2 protein chains.
Amino acid sequence: MRISELSRVTGVPLPTVKYYLREGLLQPGTATAANQAEYGDEHVHRLRLVRALREVGDLGITEVRAVLEAAADERLSLHEVLGVAHHALGPRADPAPPAPDLARARDDVDRLLAGLGWRVSPAAPARRLLADALVALRRLGRDVPAEVFAPYAEAADRLAASELGGVARADDREDAVEQAVVGTVVFEAALGALRRLAQEHHSALRLSEAPPGAATDG
Amino acid sequence: MRISELSRVTGVPLPTVKYYLREGLLQPGTATAANQAEYGDEHVHRLRLVRALREVGDLGITEVRAVLEAAADERLSLHEVLGVAHHALGPRADPAPPAPDLARARDDVDRLLAGLGWRVSPAAPARRLLADALVALRRLGRDVPAEVFAPYAEAADRLAASELGGVARADDREDAVEQAVVGTVVFEAALGALRRLAQEHHSALRLSEAPPGAATDG
């Protein structure tokens, strides 16, 4: 198909398709004439993968490129590709020395993870996300240990075990890589959405009957 | 304390503190002279709340203001305040008619939630987040029903029940509101981080031993 058809089929605007081509996120088509190329199903699929990472996962162009390059690099194990995807999701390493309470929170998070027996790289960016969350709670006056996250860790552990089982059963490397990367990004968004919906439900059950301004007087 | 001290104590840069004052995110101090005001613990706390919503929750200024105004409005029930927080987390309503596959995914999500028996507003923005996630999976060729999210819904339900229990037990309205809002934002970030860490752990257990390029051949 022509590039205009590729844009129509995927719903990705033509200028965006051209931008992805220039940035190397989309592989070039087969040249059929000067200034004309033919695109196939693999381009449709790639475009949809890029859109999922950009829109659902909110990844930047640089991060999408890093993930796609890792996925294509067959010297990398699936574990390494997943690591690249996790790094792409951030946060970026902060060169500034952490404030004292953040340094303490990082130690607490490290101890929590060690206590869980999780095999996680010391450089995993999600460690800092978790420490940031802990610091935010503490700065608001909640004197909580890292163990406040234990029920979340338990839920995450159960979900991840099932997800990685699916990845390990995938038909081939390409399918496994995509399942791992898409699974990380798309199901994280889905889990966040479901938690808000479940909160609304439980809030409706518990809090909506209370008279205004007296919701917690009981 | 003076505004410079407020900045120092909270670690929020002075220009940012002044910006929040202008934008009404931070309540004015008590004027002590022309161009001078005194700030107290309530300002420290408010600044930390704003930072948590901005940095951990990634909310815009407009969204933070909406959440703070709802929290302060004692005519609103806690359930309504939580609804405002969820709306602030987005996504914004999309005025364009949805593509046919998105319309179908929304119906599927509505059916999933109805099947779960959750009391959730038809306008809840998280419905669309979930439909977007489902569409992303389907566009990548995974022919999945909305029930693919069922294990995530179960985990979310268990966590939300416990979270809302904590909110309902809070000492007063202000504490309950803050717990609900902060809980939504901060624990969502924490849950996402923990899921990535758990994935890395299960990936290390299952995938890292495989020889490069043959990770799923077994």
# chains A, B, ... in the order shown; residues from 1 in each chain; ligands from 1

$ interface_residues --of "chain B" --to "chain A" --cutoff "6 Å" --atoms "only C-alpha atoms" --output "PyMOL selection string"
chain B and resi 52+74-77+79+118-120+126+130+133+136+152-153+155-157+160-161+168+186+190-191+193-195+198-199+201-203+207-208+212-213+216

$ residues_around --residues "Pro28 of chain B" --least-positions-apart "2" --cutoff "10 Å" --atoms "only C-alpha atoms" --output "list of chain:residue names"
B:Tyr20, B:Leu21, B:Arg22, B:Gly24, B:Leu25, B:Leu26, B:Thr30, B:Ala31, B:Ala37, B:Glu38, B:Tyr39, B:His43

$ select_by_dssp --residues "segment 5-152 of chain A" --states "alpha helix (DSSP H)" --output "VMD selection string"
chain A and resid 5 to 10 14 to 23 41 to 51 61 to 72 78 to 88 100 to 116 125 to 139 150 to 152

$ select_by_dssp --residues "segment 6-183 of chain A" --states "strand (DSSP E)" --output "list in words"
Thr30, Ala31, Thr32, Ala33, Gln36, Ala37 and Glu38 of chain A

$ atom_distance --atom1 "atom CA of Met1 of chain B" --atom2 "atom CA of Asp41 of chain B"
9.0 Å

$ closest_residue --among "B:Gly166, B:Gly60, B:Pro91, B:Gly40" --to "Glu5 of chain B" --atoms "only C-alpha atoms"
B:Gly40

$ atom_distance --atom1 "atom CA of Ala66 of chain A" --atom2 "atom CA of Val109 of chain A"
27.4 Å

$ atom_distance --atom1 "atom CA of Gly115 of chain A" --atom2 "atom CA of Ala93 of chain A"
24.3 Å
